Every structure is written in structure tokens, then in C-alpha cells.
Amino acid sequence: MSTAPARALVAIPAKIGALFLAVAKQAGGLGILAAQILRRLTPSQIDRHELFRNLNRMGVRSVPIICATAAFTGGIMVIQAAPFVEQVQATSFVGWAATFTTIRELGPLLIGLIFNGRVGANNTAELGTMKVTDQIDALRALAIDPIAYLVVPRCLAMVSMMVLLCIIGDAVAIGGAMLTADALLGVDPHLFWASALERLEPWDFWVGLIKSGLFGVMIALTSCHYGLATSGGAPGVGRAVNASVVAAAAGIFIMDYLSTFVLG
Amino acid sequence: MAARTKDPSIIDAAKNVVTDARDVFRVFARTLYYLFRGKREKGEVARQMFAIGNESLFFMCITMAFIGAIITFQTGLQSRKLLPDFSLMGATYLKLLVRDLAASVGALPLATRVGAGIAAEIGSMVVTDQVDALRMCAADPIDYLVVPRFIACVVMGTVILIIGGFVAYGSGLLVANLAFDVTPSTFNNLMYLNLGDVALGFFKCLTYGAAIAVVSAQRGLATFGGSEGVGWATTEAVVGSSFAIIVLNLIISTFGYFLVPSVGPG
Amino acid sequence: MLRALIRLDDVHKEFLGTPVLQGVSLTVPAQCIYALIGPGAAGKSVLLKVVAGLLRPERGKVFVNDAELTSMRELELAEARKSIGMLFQNYALFDKNVYENIAFPLRRLYDLPEEEIRERVAERLARVALPGTEERIPQSMSGGQKKRIGVARATIAKPEVILYDEPTAGLDPVTSQKIYDLVQEEQRATKATVMVISSDVSGVLTIADRVGMLHQGRLVFDGTAEEAKTSTIPEVNQFVHGLTEGPL
């Protein structure tokens, strides 16, 4: 058994197995945390001050970066589509194609990724620092439930702000697409709008909103879970942030795929 | 910490973007200088390449597989509505993938994974005074820490993005076949693809790799304030390099639109 | 009169708008052990990093060995730092084994054959009473051992100026005294100029030739160790004798 190829033969399935066990462990942790949050989701238990602080910090302050990203992305989308549009002379479809893609797919996905990097990572860093400096235990010692006091307001803030930022971001991205289409392809903004309004369905908006809500839940749960599970001092915080950002990003992609299929 | 807790106005935010961009360019310039003048540690570049490849390959394959599936599915839905004809779906997808998506969409998860890693690693060295200790030993942190990561990130990042592109193509092919009954031979259509697209896509991969390394290293080197500072630096590295990728994409794509014409049957 | 080796002239430094050093001027003669004392957050570590050229003051000049650090560019600074060794408060040891940690300055500064590096590292380790620990990983060692490895790394390139930031913080009294003795013996053997930061006043006064006290970013006292013990300046008197009554 100790020959190198034999060891490699065992090592690869062992690695895959360990990977699945690790993923299952984190997913289980997320589930437990979700249940704990749901149990505490009565209005009387929510610390209002903490909620508003987080709404401002996570939502309001993310507006500039979300808007900048969205505007650029709207432009890029049209630039990439431009050769095809010119080829098939499909200028009347540009408005619809751009708004459809933005609202259903690109908006939630991209804003989710940026939100994850900015707010999710930050949240893990903050909770992780509190954990390694024993502040969480200190709360427990004062008979304050850390889930109700720290996690619930953060999760509420993240989910609601993700949906709101997505609406703002979609609007800015569509604006960017409209300007680029006008400048690059000579598509008149009126034509752009008309094309969008003619073909868009209300369901498209709902799909976008549901997706952004799901991504918000994903980011909120992952970042809180990894933050609270931090161990090992200052380097541990760095590791937790890293792992949390990656896990939430993977979660967003998987969520996106599933919801695209389910919601049609 | 004071600068972070106060409410930024739009003007402050704009000012911050300008100073951040200037700092990033300064790090980039010094990286280029040491790229040719520096004292190379033996094996360091290879070690960094292994670290970057090892930590991001799996993650990249997963995300790109899902992205490929999502894009094909959405395109399929759109073309079912417009022109119930899927014969050019593969050709269009392949061209977009090579020209932009493989590099630009793949670079975002890459920034998340690799950028966060670089910033966290350099950041913890800063807050534990190791970077100052390096400077005391005539080991400039740009030369000793940033240059090997820069080389590794450009080379390995490009390799990983190309692999991710192939994975996205495979998953797209699969979804097109399962959901819209497009046969692999119809999907496998190189008609729209030309050398210019390949060059453009490749150039994007190289640029994004460099951007992730430089932005994340700059954020890491600017860390202050203990373990919380490292967390902040990591966050800023992910957001900063994602933003840099999107801005660079806009610039390169605009030039690409005019300079690298897409030739296809019109 | 010995010539001045380190000279600070009206140095100002601030962080995020908070002043840390507010016009510090001081002179450290060559071959002197200069102890820098003061309460926490007085700016001692910042001052040491300014002397090492790691931080640039907003205002004022810093001379080490007649070279003005404050007007140098980063590449020239790297050259000037060849003659300065530094022990950091939190050791700042790299994630390498003890041998590579101590050999690091030699490798970066000079092109020496591996044999000579090995000899000099062994000599240093014997000097700090940790012989034969080359292959160990610093993270697995005690605080006192890490400090001594830091001392070995700071001194291996035979610098003319050695800066120690809290060499005894967090150590028990016996280990502290051993570190102080090591600092003193090193200085006698190499004739280097030494600056030591310490919060442990009585310990550092046993080896110091001169003492400076920083308080709220200003140098409130500068004189010999004897003068410090008998000083009538209220802050110095309180701090040196560890009194609870006083302006601090």
C-alpha cells in the first residue's frame, strides 16, 4: 500500500471526501444559524439602534460603489453586444435585451458579488474580531443573547439593503447601457425605452428581486456564521474573512443557477 | 480608524478614489522597477504560483461551470422569445466567452479568492511589524513580497481564467443540449471567432491578473490597526480589485470595439 | 566629548490628524546606551521607527551617522539602514526557521558564502544562549527565546546603531535581567550606539548611560541615569520612582 501510486489513489478520493464533509459541515452550520435567527425574529426582540446603525453602514454607504460598478457594467454590456447588434441590424432589440439581462441576471449577480466583498467581508471581520477578543462571551456573561443582539439586526439589514441596492443598481446600469447604446450604436434613448417597455414582463422584475433577496440571505448567513466561528487570534480573522467571502460567492453562483432554473 | 467611521460625502468619496488610484499606481510603478532591478528569492515565484493555483482552481471551476450554465440558459430563453432558432447560439456564446466573459466574469471570483488572500497575508505581516523588519534588512516589501505575487498572479491568473473559460464552455454546451436540444456539433461553432478575439481575451486575462495583484498588495501594505485592520484590508482588496477589473474592462472593451473588429457573416 | 551619532531636530509626526511627536529634539552620543522611557502612547515606538527611517516625520530632521535620513529617497534609505539594526516589540520574526530568520539580513545585504553565514549564525545563537536551535520554528518558542532570536537578527550584520523596542515587555524579572545583560555585553563588545525603549524603568536604568523621557509627544527630560533618579521634574520623579501621586 505504501507505493506512491497506490497512496495517490487513496489520497484523491480521501481529499474529495474531506472536501464534501467540510462543505456539509459549513452548510449545516448555516442551517442552524438560520433556525436560530428565525426563532428570534419577533419585533420586540430586535435592537432598534443596532438595526438602524447597520442599515446605514451596510446600505447607505455602499451606494457610491454600487452605482459606479453598475454604470460601468451597463456600458460594458452594450459594448460587448454591439458587434452582434450591428451584424443583424437589431437596434430595436437593444433596449429590451439590455434591461432584461440587467434586471434578471447581471444586476443581482454583480451587485451581490460587490455587496459580498464590501459588506459581507466587513461583517465577518467585525464579528470575528469580537469573537477573538472575547467580546461575544462578554455579551453572554451579561445575559445578552449575541444572536438576537448582533446577528439578527445585521441579517435584516443585509437582506433588505441588498434588495434596495439592487433596485438602485439596476436603474443606474440601465442608464449606463442607454447612454452607451446612444453613443456607440446611435440607438435613440426613446427607442431604447420603447423596446424595453414593450417586451419586459412584470415577472422579470420579480425574478430579479427574488434573486437579490436570496443572495442577501446567503451573504448574511455566511458572513455571520464564519464570523462567529472565528478562532486563532489576528491571523484567524484574516482567514475567516477570506473563507467567508469565497463561500458566499460560491453560494451566490449556486443560488443564481438554481433560481434561474426554478423561476424560468 | 477615525477616517473610516465618519460619514463620507460624495466629494470625500471621489477624493478617496483619486488618492487610492494614485497609491495603486505608485505601487505598480515600483513593482515594475523591481521586476527588472530586484533581488529574486529562489523558488519564491514558483511557491506563490502554486499557492494561487492551488487555492483558486477548484473554486474557479465551480463558479465558471455555474456561470456558463446560467448564461446559456438566459440566452436560450431570450432567443426562444425573439427568434426560435438556436443554430447560432454556440457561435455567439463562444465568441462572447473568448472576447470577454471568460476573462471579465472569471476575474471577479479570482479577485475574491486571490485578492483577499494576498491582502490578508501582507496585511498580517504589516500589523506584526514583519514588513518593517524586512525594510530593516534591505528587503523592500515591494521587491520581496509584491513582485513574486505579481508575477505569479499574472501567469497563474491567466492560466486559471483560461481553464475557467473551458469549463464555462463545457457547461454551456451541456445546458444547451439538455434544455434547448442543441446538439454539441451545432453548438461547437467557431464561425464567429477570430484571432483578434483571442488576443483581446488573452490581453484582458493578463491585465486583470496584474490588477488583482497590485490593488490587493497595495491594500495589504496600507493595513493598520491590528486584526480588525487586516479584516478591513481584505474587504477593501476584494472591492478595489473587482472595481478595477470593471473599469479596466470598460476601457479595454471600448478600445477593442474600435481596434479589434469582429468579423463574421453579416 | 563624543561625537553625536543620532540627532533629532524638532521632529513632528502625526497619525490621522492626531499628533504623536510634537517637536522632539535629542542627541545620542556615539557608543552610548540611551534609554527612552515614558508612559504608554507617549510616542516611543514611533520615535524609534523615525530613527530607523521606517516612518517619515512631517517636520524636522533626523541624522544618523551624519547622514540626513529625512531628505533621502526610499532607495537611499535602504542603503542607510544597512548600519542600523532593530528589535521589534512583537519580535516580527518571519515564518521561517530560526536559521533563515537570523541569516536573512546577511543574505539581503551581502553576498556571502553559505559557510560563512552558517558560522556567523551559530556564533550569534551561542551569544544569545540558544545554541543549536537553528532548525526550530520561532512560533513554537517562548517569548524570551523569541526576543533573543530578534536580538540575534538585529545584530548579525554588525550595525553601528542598534534600536531595541521593549526588549523585556511581557517577560519575567529574571529573563528581563538576562536580556538587559545581553544588550549591555553586546554594546561593550561591538562599541555600537544603542537606543532602548522600556516601560521597566528600574531594569533599564541599570544599563543605561543616558535617559530620555517622552510624555505626550514631547521630551520632558534628557540626562544621565543618575540625573534621572534625582530629577525634580514632577513627571520624571513620579515615573522613575513609580509613584501614584503626580501629574501622570
# chains A, B, ... in the order shown; residues from 1 in each chain; ligands from 1
$ closest_atom_pairs --of "chain B" --to "chain A" --cutoff "6 Å" --atoms "only C-alpha atoms" --output "Markdown table"
| residue | atom | partner | partner_atom | distance |
| --- | --- | --- | --- | --- |
| B:Ile70 | CA | A:Tyr257 | CA | 5.7 |
| B:Ala116 | CA | A:Asn242 | CA | 5.8 |
| B:Ala120 | CA | A:Gly238 | CA | 5.4 |
| B:Ser227 | CA | A:Ala234 | CA | 4.4 |
| B:Gly231 | CA | A:Ala125 | CA | 4.8 |
| B:Thr235 | CA | A:Ala121 | CA | 5.5 |
| B:Val238 | CA | A:Gly117 | CA | 5.5 |
| B:Val239 | CA | A:Gly117 | CA | 5.5 |
| B:Leu250 | CA | A:Ile76 | CA | 5.4 |
| B:Gly266 | CA | A:Gln87 | CA | 4.8 |
$ interface_residues --of "chain C" --to "chain B" --cutoff "6 Å" --atoms "only C-alpha atoms" --output "list in words"
Ala78, Arg81, Ala92 and Pro105 of chain C
$ residues_around --residues "A:Ile168" --least-positions-apart "4" --cutoff "12 Å" --atoms "only C-alpha atoms" --output "number ranges by chain"
A: 59-60, 62-71, 102-103, 107-108, 111, 161-164, 172-175, 209, 212
$ write_last_selection --atoms "N, CA, C and O atoms" --output "short mmCIF file (atom, residue, chain, number, x, y, z; two decimals), in the first residue's frame"
data_model
loop_
_atom_site.label_atom_id
_atom_site.label_comp_id
_atom_site.auth_asym_id
_atom_site.auth_seq_id
_atom_site.Cartn_x
_atom_site.Cartn_y
_atom_site.Cartn_z
N GLY A 59 -25.95 49.69 4.02
CA GLY A 59 -26.69 50.06 2.83
C GLY A 59 -26.29 51.40 2.28
O GLY A 59 -25.75 51.50 1.17
N VAL A 60 -26.50 52.44 3.08
CA VAL A 60 -26.32 53.79 2.57
C VAL A 60 -24.90 54.00 2.08
O VAL A 60 -24.66 54.57 1.02
N SER A 62 -22.89 51.90 0.88
CA SER A 62 -22.49 51.09 -0.28
C SER A 62 -22.98 51.72 -1.57
O SER A 62 -22.62 51.26 -2.65
N VAL A 63 -23.83 52.74 -1.46
CA VAL A 63 -24.45 53.29 -2.68
C VAL A 63 -23.41 53.76 -3.70
O VAL A 63 -23.50 53.39 -4.87
N PRO A 64 -22.39 54.55 -3.31
CA PRO A 64 -21.44 55.02 -4.34
C PRO A 64 -20.78 53.89 -5.12
O PRO A 64 -20.80 53.91 -6.36
N ILE A 65 -20.24 52.88 -4.41
CA ILE A 65 -19.52 51.82 -5.13
C ILE A 65 -20.48 51.02 -6.01
O ILE A 65 -20.15 50.66 -7.14
N ILE A 66 -21.71 50.78 -5.50
CA ILE A 66 -22.68 50.03 -6.30
C ILE A 66 -23.04 50.81 -7.56
O ILE A 66 -23.10 50.25 -8.66
N CYS A 67 -23.27 52.11 -7.40
CA CYS A 67 -23.64 52.93 -8.56
C CYS A 67 -22.51 52.95 -9.60
O CYS A 67 -22.75 52.78 -10.79
N ALA A 68 -21.27 53.15 -9.12
CA ALA A 68 -20.15 53.20 -10.05
C ALA A 68 -20.03 51.88 -10.81
O ALA A 68 -19.93 51.86 -12.04
N THR A 69 -20.07 50.77 -10.07
CA THR A 69 -19.96 49.47 -10.71
C THR A 69 -21.07 49.25 -11.72
O THR A 69 -20.84 48.80 -12.84
N ALA A 70 -22.30 49.59 -11.30
CA ALA A 70 -23.45 49.35 -12.17
C ALA A 70 -23.34 50.16 -13.45
O ALA A 70 -23.60 49.65 -14.54
N ALA A 71 -22.94 51.44 -13.33
CA ALA A 71 -22.85 52.28 -14.51
C ALA A 71 -21.84 51.71 -15.52
O ALA A 71 -22.13 51.58 -16.71
N THR A 102 -30.03 42.88 -17.43
CA THR A 102 -29.68 43.58 -16.19
C THR A 102 -30.60 43.17 -15.05
O THR A 102 -30.15 42.79 -13.97
N ILE A 103 -31.90 43.26 -15.32
CA ILE A 103 -32.85 43.05 -14.23
C ILE A 103 -32.85 41.61 -13.76
O ILE A 103 -32.87 41.33 -12.56
N GLY A 107 -27.67 42.34 -12.84
CA GLY A 107 -27.83 43.24 -11.70
C GLY A 107 -27.67 42.52 -10.38
O GLY A 107 -26.74 42.78 -9.62
N PRO A 108 -28.56 41.55 -10.10
CA PRO A 108 -28.44 40.83 -8.82
C PRO A 108 -27.08 40.17 -8.64
O PRO A 108 -26.49 40.26 -7.56
N ILE A 111 -24.14 42.95 -8.26
CA ILE A 111 -24.31 43.72 -7.03
C ILE A 111 -24.15 42.78 -5.84
O ILE A 111 -23.57 43.16 -4.82
N MET A 161 -31.17 45.68 2.56
CA MET A 161 -30.33 46.61 1.81
C MET A 161 -29.87 46.01 0.49
O MET A 161 -29.73 46.72 -0.49
N MET A 162 -29.68 44.72 0.47
CA MET A 162 -29.28 44.07 -0.79
C MET A 162 -30.38 44.27 -1.83
O MET A 162 -30.10 44.62 -2.99
N VAL A 163 -31.64 44.08 -1.43
CA VAL A 163 -32.75 44.24 -2.38
C VAL A 163 -32.83 45.71 -2.84
O VAL A 163 -32.93 45.98 -4.04
N LEU A 164 -32.74 46.65 -1.89
CA LEU A 164 -32.85 48.06 -2.26
C LEU A 164 -31.68 48.48 -3.16
O LEU A 164 -31.87 49.15 -4.18
N VAL A 172 -29.28 52.36 -12.39
CA VAL A 172 -28.06 53.01 -12.88
C VAL A 172 -27.47 52.23 -14.05
O VAL A 172 -27.04 52.83 -15.04
N ALA A 173 -27.48 50.91 -13.96
CA ALA A 173 -26.91 50.09 -15.03
C ALA A 173 -27.68 50.30 -16.33
O ALA A 173 -27.09 50.42 -17.41
N ILE A 174 -29.01 50.36 -16.22
CA ILE A 174 -29.81 50.59 -17.43
C ILE A 174 -29.51 51.97 -18.00
O ILE A 174 -29.40 52.14 -19.22
N GLY A 175 -29.34 52.94 -17.11
CA GLY A 175 -28.95 54.27 -17.57
C GLY A 175 -27.63 54.23 -18.32
O GLY A 175 -27.50 54.81 -19.41
N LEU A 209 -35.85 40.63 -8.12
CA LEU A 209 -35.98 40.95 -6.70
C LEU A 209 -35.81 39.69 -5.84
O LEU A 209 -35.13 39.71 -4.81
N SER A 212 -32.15 38.81 -5.72
CA SER A 212 -31.33 39.66 -4.86
C SER A 212 -31.62 39.37 -3.40
O SER A 212 -30.71 39.38 -2.56
#
$ closest_residue --among "B:Glu228, B:Ile252, B:Lys81, B:Phe150" --to "A:Leu200" --atoms "only C-alpha atoms"
B:Lys81
$ select_by_dssp --residues "stretch 25-229 of chain C" --states "strand (DSSP E or B)" --output "PyMOL selection string"
chain C and resi 25-29+33-37+59-64+67-68+84-88+91+161-165+193-197+210-215+218-224
$ residues_around --residues "B:Ala111" --least-positions-apart "5" --cutoff "9 Å" --atoms "only C-alpha atoms" --output "PyMOL selection string"
chain B and resi 106+116+208-209+212-213+216+237-239+241-242+245
$ write_last_selection --atoms "N, CA, C and O atoms" --output "PDB file, in the first residue's frame"
ATOM      1  N   GLY B 106     -14.834  35.708 -14.984  1.00  0.00           N
ATOM      2  CA  GLY B 106     -13.974  34.846 -14.170  1.00  0.00           C
ATOM      3  C   GLY B 106     -13.060  35.634 -13.249  1.00  0.00           C
ATOM      4  O   GLY B 106     -12.703  35.173 -12.169  1.00  0.00           O
ATOM      5  N   ALA B 116      -8.189  38.571  -1.823  1.00  0.00           N
ATOM      6  CA  ALA B 116      -8.363  38.502  -0.370  1.00  0.00           C
ATOM      7  C   ALA B 116      -7.164  37.815   0.269  1.00  0.00           C
ATOM      8  O   ALA B 116      -6.669  38.252   1.314  1.00  0.00           O
ATOM      9  N   TYR B 208      -6.049  41.744 -15.898  1.00  0.00           N
ATOM     10  CA  TYR B 208      -6.780  41.512 -14.649  1.00  0.00           C
ATOM     11  C   TYR B 208      -5.873  40.863 -13.610  1.00  0.00           C
ATOM     12  O   TYR B 208      -5.936  41.214 -12.427  1.00  0.00           O
ATOM     13  N   GLY B 209      -5.045  39.922 -14.058  1.00  0.00           N
ATOM     14  CA  GLY B 209      -4.115  39.294 -13.117  1.00  0.00           C
ATOM     15  C   GLY B 209      -3.227  40.343 -12.468  1.00  0.00           C
ATOM     16  O   GLY B 209      -3.059  40.377 -11.244  1.00  0.00           O
ATOM     17  N   ILE B 212      -5.326  42.613 -10.035  1.00  0.00           N
ATOM     18  CA  ILE B 212      -5.648  41.973  -8.752  1.00  0.00           C
ATOM     19  C   ILE B 212      -4.426  42.009  -7.834  1.00  0.00           C
ATOM     20  O   ILE B 212      -4.521  42.384  -6.659  1.00  0.00           O
ATOM     21  N   ALA B 213      -3.257  41.655  -8.387  1.00  0.00           N
ATOM     22  CA  ALA B 213      -2.052  41.604  -7.562  1.00  0.00           C
ATOM     23  C   ALA B 213      -1.704  42.992  -7.027  1.00  0.00           C
ATOM     24  O   ALA B 213      -1.453  43.154  -5.829  1.00  0.00           O
ATOM     25  N   SER B 216      -4.510  44.493  -4.542  1.00  0.00           N
ATOM     26  CA  SER B 216      -4.566  43.781  -3.264  1.00  0.00           C
ATOM     27  C   SER B 216      -3.288  43.994  -2.461  1.00  0.00           C
ATOM     28  O   SER B 216      -3.345  44.142  -1.240  1.00  0.00           O
ATOM     29  N   ALA B 237      -9.520  45.067  -0.471  1.00  0.00           N
ATOM     30  CA  ALA B 237      -8.829  44.435  -1.598  1.00  0.00           C
ATOM     31  C   ALA B 237      -9.831  43.803  -2.550  1.00  0.00           C
ATOM     32  O   ALA B 237      -9.712  43.928  -3.772  1.00  0.00           O
ATOM     33  N   VAL B 238     -10.830  43.115  -2.003  1.00  0.00           N
ATOM     34  CA  VAL B 238     -11.823  42.457  -2.863  1.00  0.00           C
ATOM     35  C   VAL B 238     -12.611  43.508  -3.640  1.00  0.00           C
ATOM     36  O   VAL B 238     -12.748  43.425  -4.870  1.00  0.00           O
ATOM     37  N   VAL B 239     -13.111  44.511  -2.929  1.00  0.00           N
ATOM     38  CA  VAL B 239     -13.918  45.529  -3.602  1.00  0.00           C
ATOM     39  C   VAL B 239     -13.064  46.317  -4.591  1.00  0.00           C
ATOM     40  O   VAL B 239     -13.445  46.530  -5.737  1.00  0.00           O
ATOM     41  N   SER B 241     -10.214  45.502  -6.132  1.00  0.00           N
ATOM     42  CA  SER B 241      -9.783  44.832  -7.359  1.00  0.00           C
ATOM     43  C   SER B 241     -10.970  44.497  -8.254  1.00  0.00           C
ATOM     44  O   SER B 241     -10.841  44.533  -9.475  1.00  0.00           O
ATOM     45  N   SER B 242     -12.151  44.201  -7.664  1.00  0.00           N
ATOM     46  CA  SER B 242     -13.331  43.998  -8.510  1.00  0.00           C
ATOM     47  C   SER B 242     -13.632  45.267  -9.301  1.00  0.00           C
ATOM     48  O   SER B 242     -13.909  45.218 -10.504  1.00  0.00           O
ATOM     49  N   ILE B 245     -11.197  45.810 -12.056  1.00  0.00           N
ATOM     50  CA  ILE B 245     -11.460  44.920 -13.187  1.00  0.00           C
ATOM     51  C   ILE B 245     -12.565  45.497 -14.065  1.00  0.00           C
ATOM     52  O   ILE B 245     -12.465  45.525 -15.293  1.00  0.00           O
TER      53      ILE B 245
END
$ residues_around --residues "C:Lys191" --least-positions-apart "5" --cutoff "10 Å" --atoms "only C-alpha atoms" --output "list in words"
Ala30, Gln31, Cys32, Ile33, Pro159, Glu160, Val161, Glu185 and Glu186 of chain C
$ residues_around --residues "B:Phe59" --least-positions-apart "2" --cutoff "9 Å" --atoms "only C-alpha atoms" --output "MDAnalysis selection string"
(chainID A and resid 246 250) or (chainID B and resid 55:57 61:64 109:110 113)
$ write_last_selection --atoms "N, CA, C and O atoms" --output "mmCIF file, in the first residue's frame"
data_model
loop_
_atom_site.group_PDB
_atom_site.id
_atom_site.type_symbol
_atom_site.label_atom_id
_atom_site.label_comp_id
_atom_site.auth_asym_id
_atom_site.auth_seq_id
_atom_site.Cartn_x
_atom_site.Cartn_y
_atom_site.Cartn_z
ATOM 1 N N VAL A 246 -15.304 33.757 0.017
ATOM 2 C CA VAL A 246 -15.293 32.721 -1.013
ATOM 3 C C VAL A 246 -16.549 31.866 -0.924
ATOM 4 O O VAL A 246 -17.211 31.589 -1.928
ATOM 5 N N ALA A 250 -19.453 31.494 -3.825
ATOM 6 C CA ALA A 250 -19.859 30.209 -4.390
ATOM 7 C C ALA A 250 -21.348 30.004 -4.166
ATOM 8 O O ALA A 250 -22.071 29.565 -5.068
ATOM 9 N N GLU B 55 -5.216 27.326 -4.479
ATOM 10 C CA GLU B 55 -6.364 27.799 -3.705
ATOM 11 C C GLU B 55 -7.531 28.207 -4.592
ATOM 12 O O GLU B 55 -8.660 28.252 -4.123
ATOM 13 N N SER B 56 -7.271 28.516 -5.878
ATOM 14 C CA SER B 56 -8.382 29.067 -6.646
ATOM 15 C C SER B 56 -8.901 28.144 -7.746
ATOM 16 O O SER B 56 -9.968 28.407 -8.275
ATOM 17 N N LEU B 57 -8.198 27.080 -8.082
ATOM 18 C CA LEU B 57 -8.627 26.270 -9.231
ATOM 19 C C LEU B 57 -10.007 25.661 -9.014
ATOM 20 O O LEU B 57 -10.900 25.794 -9.866
ATOM 21 N N CYS B 61 -13.405 26.607 -11.058
ATOM 22 C CA CYS B 61 -14.125 25.648 -11.895
ATOM 23 C C CYS B 61 -15.603 25.616 -11.517
ATOM 24 O O CYS B 61 -16.478 25.627 -12.383
ATOM 25 N N ILE B 62 -15.885 25.590 -10.217
ATOM 26 C CA ILE B 62 -17.276 25.563 -9.759
ATOM 27 C C ILE B 62 -18.024 26.799 -10.256
ATOM 28 O O ILE B 62 -19.075 26.698 -10.895
ATOM 29 N N THR B 63 -17.457 27.990 -9.966
ATOM 30 C CA THR B 63 -18.194 29.193 -10.324
ATOM 31 C C THR B 63 -18.355 29.312 -11.836
ATOM 32 O O THR B 63 -19.427 29.649 -12.319
ATOM 33 N N MET B 64 -17.305 28.992 -12.584
ATOM 34 C CA MET B 64 -17.405 29.150 -14.034
ATOM 35 C C MET B 64 -18.376 28.140 -14.631
ATOM 36 O O MET B 64 -19.046 28.424 -15.620
ATOM 37 N N PRO B 109 -14.548 36.225 -9.360
ATOM 38 C CA PRO B 109 -14.220 35.226 -8.331
ATOM 39 C C PRO B 109 -12.718 35.131 -8.062
ATOM 40 O O PRO B 109 -12.307 34.910 -6.911
ATOM 41 N N LEU B 110 -11.912 35.322 -9.090
ATOM 42 C CA LEU B 110 -10.461 35.273 -8.891
ATOM 43 C C LEU B 110 -10.020 36.394 -7.943
ATOM 44 O O LEU B 110 -9.208 36.177 -7.036
ATOM 45 N N ARG B 113 -10.990 35.440 -4.402
ATOM 46 C CA ARG B 113 -10.169 34.401 -3.786
ATOM 47 C C ARG B 113 -8.719 34.870 -3.595
ATOM 48 O O ARG B 113 -8.202 34.898 -2.490
#
$ residues_around --residues "B:Ala29" --least-positions-apart "6" --cutoff "10 Å" --atoms "only C-alpha atoms" --output "PyMOL selection string"
chain B and resi 23+35+214
$ write_last_selection --atoms "all heavy atoms" --output "PDB file, in the first residue's frame"
ATOM      1  N   ASP B  23      -2.157  55.850  -5.135  1.00  0.00           N
ATOM      2  CA  ASP B  23      -1.349  54.897  -4.364  1.00  0.00           C
ATOM      3  C   ASP B  23      -1.155  53.596  -5.133  1.00  0.00           C
ATOM      4  O   ASP B  23      -0.080  53.010  -5.121  1.00  0.00           O
ATOM      5  CB  ASP B  23      -2.019  54.605  -3.018  1.00  0.00           C
ATOM      6  CG  ASP B  23      -1.949  55.802  -2.093  1.00  0.00           C
ATOM      7  OD1 ASP B  23      -1.165  56.721  -2.397  1.00  0.00           O
ATOM      8  OD2 ASP B  23      -2.676  55.815  -1.086  1.00  0.00           O
ATOM      9  N   LEU B  35      10.763  44.638 -10.802  1.00  0.00           N
ATOM     10  CA  LEU B  35      10.626  43.469 -11.668  1.00  0.00           C
ATOM     11  C   LEU B  35      11.921  43.258 -12.447  1.00  0.00           C
ATOM     12  O   LEU B  35      12.317  42.142 -12.750  1.00  0.00           O
ATOM     13  CB  LEU B  35       9.455  43.716 -12.620  1.00  0.00           C
ATOM     14  CG  LEU B  35       8.796  42.528 -13.293  1.00  0.00           C
ATOM     15  CD1 LEU B  35       8.337  41.534 -12.260  1.00  0.00           C
ATOM     16  CD2 LEU B  35       7.609  43.008 -14.106  1.00  0.00           C
ATOM     17  N   VAL B 214      -1.713  43.989  -7.899  1.00  0.00           N
ATOM     18  CA  VAL B 214      -1.256  45.323  -7.479  1.00  0.00           C
ATOM     19  C   VAL B 214      -2.241  45.948  -6.493  1.00  0.00           C
ATOM     20  O   VAL B 214      -1.850  46.451  -5.433  1.00  0.00           O
ATOM     21  CB  VAL B 214      -1.052  46.239  -8.704  1.00  0.00           C
ATOM     22  CG1 VAL B 214      -0.772  47.657  -8.262  1.00  0.00           C
ATOM     23  CG2 VAL B 214       0.089  45.718  -9.547  1.00  0.00           C
TER      24      VAL B 214
END
$ select_by_dssp --residues "stretch 51-235 of chain A" --states "alpha helix (DSSP H)" --output "PyMOL selection string"
chain A and resi 51-54+63-88+94-101+107-115+121-132+135-141+146+152-180+189-199+202-228+233-235
$ decode --residues "stretch 18-30 of chain B" --atoms "N, CA, C and O atoms" --output "JSON list (two decimals), in the first residue's frame"
[["chain", "number", "residue", "atom", "x", "y", "z"],
["B", 18, "VAL", "N", -9.50, 59.06, -5.91],
["B", 18, "VAL", "CA", -8.32, 59.63, -6.56],
["B", 18, "VAL", "C", -7.05, 59.25, -5.79],
["B", 18, "VAL", "O", -6.07, 58.79, -6.38],
["B", 19, "THR", "N", -7.07, 59.41, -4.45],
["B", 19, "THR", "CA", -5.85, 59.08, -3.70],
["B", 19, "THR", "C", -5.56, 57.59, -3.77],
["B", 19, "THR", "O", -4.41, 57.19, -3.90],
["B", 20, "ASP", "N", -6.62, 56.76, -3.71],
["B", 20, "ASP", "CA", -6.42, 55.31, -3.82],
["B", 20, "ASP", "C", -5.78, 54.97, -5.16],
["B", 20, "ASP", "O", -4.83, 54.18, -5.22],
["B", 21, "ALA", "N", -6.31, 55.54, -6.23],
["B", 21, "ALA", "CA", -5.78, 55.26, -7.56],
["B", 21, "ALA", "C", -4.32, 55.66, -7.64],
["B", 21, "ALA", "O", -3.47, 54.95, -8.19],
["B", 22, "ARG", "N", -3.99, 56.82, -7.03],
["B", 22, "ARG", "CA", -2.61, 57.28, -7.06],
["B", 22, "ARG", "C", -1.69, 56.31, -6.31],
["B", 22, "ARG", "O", -0.62, 55.95, -6.78],
["B", 23, "ASP", "N", -2.16, 55.85, -5.13],
["B", 23, "ASP", "CA", -1.35, 54.90, -4.36],
["B", 23, "ASP", "C", -1.15, 53.60, -5.13],
["B", 23, "ASP", "O", -0.08, 53.01, -5.12],
["B", 24, "VAL", "N", -2.23, 53.14, -5.80],
["B", 24, "VAL", "CA", -2.12, 51.90, -6.56],
["B", 24, "VAL", "C", -1.11, 52.07, -7.69],
["B", 24, "VAL", "O", -0.27, 51.19, -7.93],
["B", 25, "PHE", "N", -1.16, 53.23, -8.36],
["B", 25, "PHE", "CA", -0.22, 53.44, -9.46],
["B", 25, "PHE", "C", 1.21, 53.49, -8.95],
["B", 25, "PHE", "O", 2.14, 53.01, -9.59],
["B", 26, "ARG", "N", 1.38, 54.08, -7.75],
["B", 26, "ARG", "CA", 2.72, 54.16, -7.18],
["B", 26, "ARG", "C", 3.26, 52.75, -6.92],
["B", 26, "ARG", "O", 4.41, 52.45, -7.25],
["B", 27, "VAL", "N", 2.42, 51.89, -6.35],
["B", 27, "VAL", "CA", 2.85, 50.51, -6.11],
["B", 27, "VAL", "C", 3.16, 49.81, -7.43],
["B", 27, "VAL", "O", 4.15, 49.09, -7.56],
["B", 28, "PHE", "N", 2.32, 50.07, -8.44],
["B", 28, "PHE", "CA", 2.52, 49.44, -9.74],
["B", 28, "PHE", "C", 3.86, 49.88, -10.34],
["B", 28, "PHE", "O", 4.64, 49.04, -10.83],
["B", 29, "ALA", "N", 4.15, 51.18, -10.27],
["B", 29, "ALA", "CA", 5.41, 51.68, -10.83],
["B", 29, "ALA", "C", 6.60, 51.04, -10.13],
["B", 29, "ALA", "O", 7.55, 50.58, -10.77],
["B", 30, "ARG", "N", 6.53, 50.97, -8.80],
["B", 30, "ARG", "CA", 7.65, 50.38, -8.08],
["B", 30, "ARG", "C", 7.76, 48.89, -8.34],
["B", 30, "ARG", "O", 8.86, 48.33, -8.37]]
